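Q: Have a peek at final_2.cif (mmCIF, C-alpha atoms).
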```cif
data_final
loop_
_atom_site.label_atom_id
_atom_site.label_comp_id
_atom_site.auth_asym_id
_atom_site.auth_seq_id
_atom_site.Cartn_x
_atom_site.Cartn_y
_atom_site.Cartn_z
CA MET A 6 115.22 6.88 109.38
CA LYS A 7 117.27 9.92 108.41
CA ASN A 8 121.02 9.91 107.99
CA ILE A 9 122.57 12.94 109.64
CA VAL A 10 126.32 13.49 109.49
CA ALA A 11 127.97 16.32 111.41
CA GLY A 12 124.62 17.99 111.95
CA ARG A 13 123.79 18.03 108.22
CA GLU A 14 121.43 15.86 106.23
CA PRO A 15 123.07 14.65 103.00
CA VAL A 16 120.82 14.51 99.95
CA THR A 17 122.96 12.33 97.68
CA ALA A 18 125.34 9.44 98.25
CA THR A 19 128.22 11.70 97.22
CA GLU A 20 127.29 14.26 99.86
CA PHE A 21 127.07 11.47 102.45
CA ILE A 22 130.59 10.28 101.60
CA GLU A 23 131.97 13.82 101.64
CA LEU A 24 130.42 14.54 105.04
CA ALA A 25 131.32 11.17 106.55
CA LEU A 26 134.95 11.18 105.38
CA GLY A 27 135.53 14.91 105.52
CA ILE A 28 137.04 15.13 102.04
CA ASP A 29 135.89 16.80 98.83
CA LEU A 30 135.51 14.05 96.23
CA GLU A 31 135.99 16.45 93.31
CA LEU A 32 139.42 17.34 94.68
CA PHE A 33 140.52 13.77 94.00
CA THR A 34 138.38 12.91 90.96
CA GLY A 35 138.43 16.18 89.04
CA SER A 36 135.93 17.70 86.68
CA ALA A 37 135.33 16.92 83.02
CA THR A 38 135.50 20.64 82.24
CA GLU A 39 138.77 21.54 83.97
CA SER A 40 141.66 22.90 81.94
CA PRO A 41 145.13 21.32 82.05
CA LEU A 42 146.33 24.18 84.27
CA GLU A 43 143.39 23.71 86.66
CA ARG A 44 144.04 19.96 86.71
CA ALA A 45 147.71 20.45 87.60
CA ALA A 46 146.81 22.83 90.45
CA ARG A 47 144.08 20.47 91.72
CA LEU A 48 146.44 17.49 91.68
CA ASP A 49 149.11 19.44 93.60
CA VAL A 50 146.61 20.20 96.36
CA ALA A 51 145.21 16.66 96.28
CA HIS A 52 148.67 15.16 96.78
CA GLU A 53 149.33 17.48 99.75
CA VAL A 54 145.98 16.55 101.33
CA LEU A 55 146.70 12.88 100.66
CA ALA A 56 150.07 13.13 102.43
CA ASP A 57 148.34 14.61 105.50
CA LEU A 58 145.63 11.95 105.36
CA ARG A 59 148.19 9.14 105.29
CA GLU A 60 149.47 10.33 108.67
CA SER A 61 146.09 10.95 110.32
CA ASP A 62 143.68 8.50 108.67
CA PRO A 63 145.23 5.71 106.58
CA GLU A 64 141.87 4.18 105.57
CA THR A 65 140.52 7.45 104.19
CA ALA A 66 143.89 8.05 102.54
CA ALA A 67 143.63 4.69 100.75
CA TYR A 68 140.16 5.62 99.52
CA ALA A 69 141.34 9.06 98.37
CA ALA A 70 144.32 7.50 96.57
CA SER A 71 141.96 5.17 94.71
CA LEU A 72 139.90 8.21 93.67
CA LEU A 73 143.03 9.80 92.21
CA ARG A 74 143.32 6.84 89.86
CA THR A 75 139.86 7.42 88.41
CA LEU A 76 139.35 9.56 85.35
CA PRO A 77 136.57 12.07 84.92
CA LEU A 78 134.38 11.61 81.87
CA LYS A 79 135.74 13.80 79.12
CA THR A 80 133.44 15.27 76.53
CA ARG A 81 136.13 17.16 74.66
CA GLY A 82 139.41 16.04 73.17
CA SER A 83 142.80 17.27 74.29
CA ASN A 84 142.66 20.03 71.67
CA GLY A 85 139.41 21.39 73.14
CA ARG A 86 137.23 20.14 70.31
CA ARG A 87 134.35 17.78 70.78
CA ARG A 88 135.14 14.22 69.78
CA THR A 89 132.86 12.55 67.29
CA VAL A 90 132.38 8.88 66.70
CA ARG A 91 132.17 7.92 63.09
CA ARG A 92 130.57 4.70 61.99
CA PRO A 93 132.36 2.69 59.32
CA ALA A 94 131.01 3.11 55.81
CA LYS A 95 128.85 0.31 54.45
CA VAL A 96 130.53 -1.91 51.92
CA ALA A 97 128.72 -2.10 48.58
CA GLY A 98 126.95 -5.42 48.05
CA VAL A 99 126.87 -6.34 51.77
CA ALA A 100 123.43 -6.25 53.32
CA ALA A 101 123.00 -5.21 56.94
CA SER A 102 121.87 -7.99 59.23
CA ALA A 103 118.92 -7.61 61.57
CA VAL A 104 117.81 -9.66 64.53
CA ALA A 105 114.16 -10.65 64.62
CA ALA A 106 112.43 -10.74 67.97
#
```
Have the structure of the file written as C-alpha cells, please.
A:
Amino acid sequence: MKNIVAGREPVTATEFIELALGIDLELFTGSATESPLERAARLDVAHEVLADLRESDPETAAYAASLLRTLPLKTRGSNGRRRTVRRPAKVAGVAASAVAA
C-alpha cells in the first residue's frame, strides 16, 4: 500500500512528516553547516511560524516547539575549525587490557 499525502508520494519518513504536517523540519531543526547569522535568521522565522501555528494548530505547534529544542549535529567548532578527539596518552608501565572472546 502506498502512502500519498496531498497528492505526493513521500520517499522518506522526513518527507512524510513534512507533507502530513505542512511544515519544513529544517526550519525548526537547523542545519549542521549554517552560520551563526543564518541560524539567527532561521530562528526568527521559526518563532514567527510557531506563533501562527499555536493559533491554528496547537498539536503541530507543540511538535514544532519540541523540534526547536533539538540541536543539529555539529562537525565544526564555534571557531569554524574541525574538532578533534584526542585519546589520553598511555602511562608508562601500565599495560593495556584486552577482553578475550
Q: Could you tell me how far CA of Gly27 (chain A) sits from CA of Ser71 (chain A), in Å to one decimal place?
A: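 About the pair CA of Ser71 (chain A) and CA of Gly27 (chain A): they are 15.9 Å apart.
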Q: Point out the residue among A:Leu32, A:Leu24, A:Leu72, A:Ala67 with the least atom-to-atom distance to Arg47 (chain A), counting all atoms listed in the file.
A: A:Leu32
Q: Dump as a count of residues only all residues having an atom at most 12 Å from (141.9, 5.8, 98.6), computed in the file's coordinates with all atoms listed in the file.
A: 26
Q: Hey, can you check how far CA of Glu60 (chain A) sits from CA of Phe21 (chain A)?
A: 23.3 Å
Q: Could you work out how far CA of Ala46 (chain A) lies from CA of Ile22 (chain A), giving the answer in Å with one decimal?
A: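 Distance between the two atoms: 23.3 Å.
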Q: Using the atoms already present, construct all heavy atoms for region 14-25 of chain A and hand them back as an mmCIF file, keeping the file's coordinate frame.
A:
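And here is the file that came out, selection.cif:
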```
data_model
loop_
_atom_site.group_PDB
_atom_site.id
_atom_site.type_symbol
_atom_site.label_atom_id
_atom_site.label_comp_id
_atom_site.auth_asym_id
_atom_site.auth_seq_id
_atom_site.Cartn_x
_atom_site.Cartn_y
_atom_site.Cartn_z
ATOM 1 N N GLU A 14 122.120 16.974 106.852
ATOM 2 C CA GLU A 14 121.430 15.860 106.230
ATOM 3 C C GLU A 14 121.844 15.777 104.760
ATOM 4 O O GLU A 14 121.463 16.617 103.954
ATOM 5 C CB GLU A 14 119.922 16.046 106.327
ATOM 6 C CG GLU A 14 119.143 14.843 105.838
ATOM 7 C CD GLU A 14 117.653 15.031 106.042
ATOM 8 O OE1 GLU A 14 117.239 15.878 106.836
ATOM 9 O OE2 GLU A 14 116.909 14.295 105.383
ATOM 10 N N PRO A 15 122.642 14.776 104.386
ATOM 11 C CA PRO A 15 123.070 14.650 103.000
ATOM 12 C C PRO A 15 121.906 14.254 102.098
ATOM 13 O O PRO A 15 121.055 13.462 102.478
ATOM 14 C CB PRO A 15 124.143 13.565 103.034
ATOM 15 C CG PRO A 15 123.868 12.792 104.265
ATOM 16 C CD PRO A 15 123.195 13.730 105.226
ATOM 17 N N VAL A 16 121.891 14.805 100.893
ATOM 18 C CA VAL A 16 120.820 14.510 99.950
ATOM 19 C C VAL A 16 121.224 13.383 99.011
ATOM 20 O O VAL A 16 120.421 12.531 98.670
ATOM 21 C CB VAL A 16 120.463 15.788 99.140
ATOM 22 C CG1 VAL A 16 119.394 15.499 98.100
ATOM 23 C CG2 VAL A 16 120.000 16.889 100.077
ATOM 24 N N THR A 17 122.483 13.353 98.605
ATOM 25 C CA THR A 17 122.960 12.330 97.680
ATOM 26 C C THR A 17 124.005 11.449 98.363
ATOM 27 O O THR A 17 124.531 11.802 99.426
ATOM 28 C CB THR A 17 123.598 12.969 96.425
ATOM 29 O OG1 THR A 17 124.770 13.696 96.825
ATOM 30 C CG2 THR A 17 122.630 13.891 95.712
ATOM 31 N N ALA A 18 124.309 10.342 97.724
ATOM 32 C CA ALA A 18 125.340 9.440 98.250
ATOM 33 C C ALA A 18 126.699 10.143 98.275
ATOM 34 O O ALA A 18 127.496 9.945 99.194
ATOM 35 C CB ALA A 18 125.410 8.172 97.407
ATOM 36 N N THR A 19 126.962 10.969 97.272
ATOM 37 C CA THR A 19 128.220 11.700 97.220
ATOM 38 C C THR A 19 128.343 12.653 98.409
ATOM 39 O O THR A 19 129.400 12.727 99.044
ATOM 40 C CB THR A 19 128.331 12.489 95.900
ATOM 41 O OG1 THR A 19 128.241 11.568 94.814
ATOM 42 C CG2 THR A 19 129.632 13.248 95.806
ATOM 43 N N GLU A 20 127.277 13.366 98.704
ATOM 44 C CA GLU A 20 127.290 14.260 99.860
ATOM 45 C C GLU A 20 127.505 13.477 101.147
ATOM 46 O O GLU A 20 128.209 13.927 102.045
ATOM 47 C CB GLU A 20 125.984 15.048 99.950
ATOM 48 C CG GLU A 20 125.861 16.148 98.934
ATOM 49 C CD GLU A 20 124.548 16.910 99.084
ATOM 50 O OE1 GLU A 20 123.770 16.624 100.017
ATOM 51 O OE2 GLU A 20 124.311 17.794 98.256
ATOM 52 N N PHE A 21 126.906 12.302 101.253
ATOM 53 C CA PHE A 21 127.070 11.470 102.450
ATOM 54 C C PHE A 21 128.540 11.088 102.618
ATOM 55 O O PHE A 21 129.102 11.186 103.712
ATOM 56 C CB PHE A 21 126.201 10.219 102.355
ATOM 57 C CG PHE A 21 126.279 9.365 103.578
ATOM 58 C CD1 PHE A 21 125.507 9.670 104.694
ATOM 59 C CD2 PHE A 21 127.122 8.267 103.629
ATOM 60 C CE1 PHE A 21 125.582 8.885 105.838
ATOM 61 C CE2 PHE A 21 127.197 7.488 104.768
ATOM 62 C CZ PHE A 21 126.427 7.794 105.880
ATOM 63 N N ILE A 22 129.176 10.675 101.534
ATOM 64 C CA ILE A 22 130.590 10.280 101.600
ATOM 65 C C ILE A 22 131.462 11.474 101.973
ATOM 66 O O ILE A 22 132.354 11.368 102.809
ATOM 67 C CB ILE A 22 131.049 9.664 100.262
ATOM 68 C CG1 ILE A 22 130.361 8.321 100.050
ATOM 69 C CG2 ILE A 22 132.559 9.499 100.212
ATOM 70 C CD1 ILE A 22 130.557 7.732 98.671
ATOM 71 N N GLU A 23 131.184 12.629 101.340
ATOM 72 C CA GLU A 23 131.970 13.820 101.640
ATOM 73 C C GLU A 23 131.852 14.217 103.110
ATOM 74 O O GLU A 23 132.836 14.554 103.753
ATOM 75 C CB GLU A 23 131.537 14.983 100.748
ATOM 76 C CG GLU A 23 131.984 14.829 99.318
ATOM 77 C CD GLU A 23 131.504 15.957 98.412
ATOM 78 O OE1 GLU A 23 130.671 16.780 98.858
ATOM 79 O OE2 GLU A 23 131.970 16.017 97.276
ATOM 80 N N LEU A 24 130.625 14.176 103.636
ATOM 81 C CA LEU A 24 130.420 14.540 105.040
ATOM 82 C C LEU A 24 131.013 13.499 105.984
ATOM 83 O O LEU A 24 131.612 13.843 107.004
ATOM 84 C CB LEU A 24 128.936 14.733 105.326
ATOM 85 C CG LEU A 24 128.298 15.969 104.701
ATOM 86 C CD1 LEU A 24 126.782 15.913 104.857
ATOM 87 C CD2 LEU A 24 128.857 17.234 105.317
ATOM 88 N N ALA A 25 130.840 12.233 105.667
ATOM 89 C CA ALA A 25 131.320 11.170 106.550
ATOM 90 C C ALA A 25 132.845 11.115 106.594
ATOM 91 O O ALA A 25 133.441 10.930 107.657
ATOM 92 C CB ALA A 25 130.758 9.824 106.106
#
```
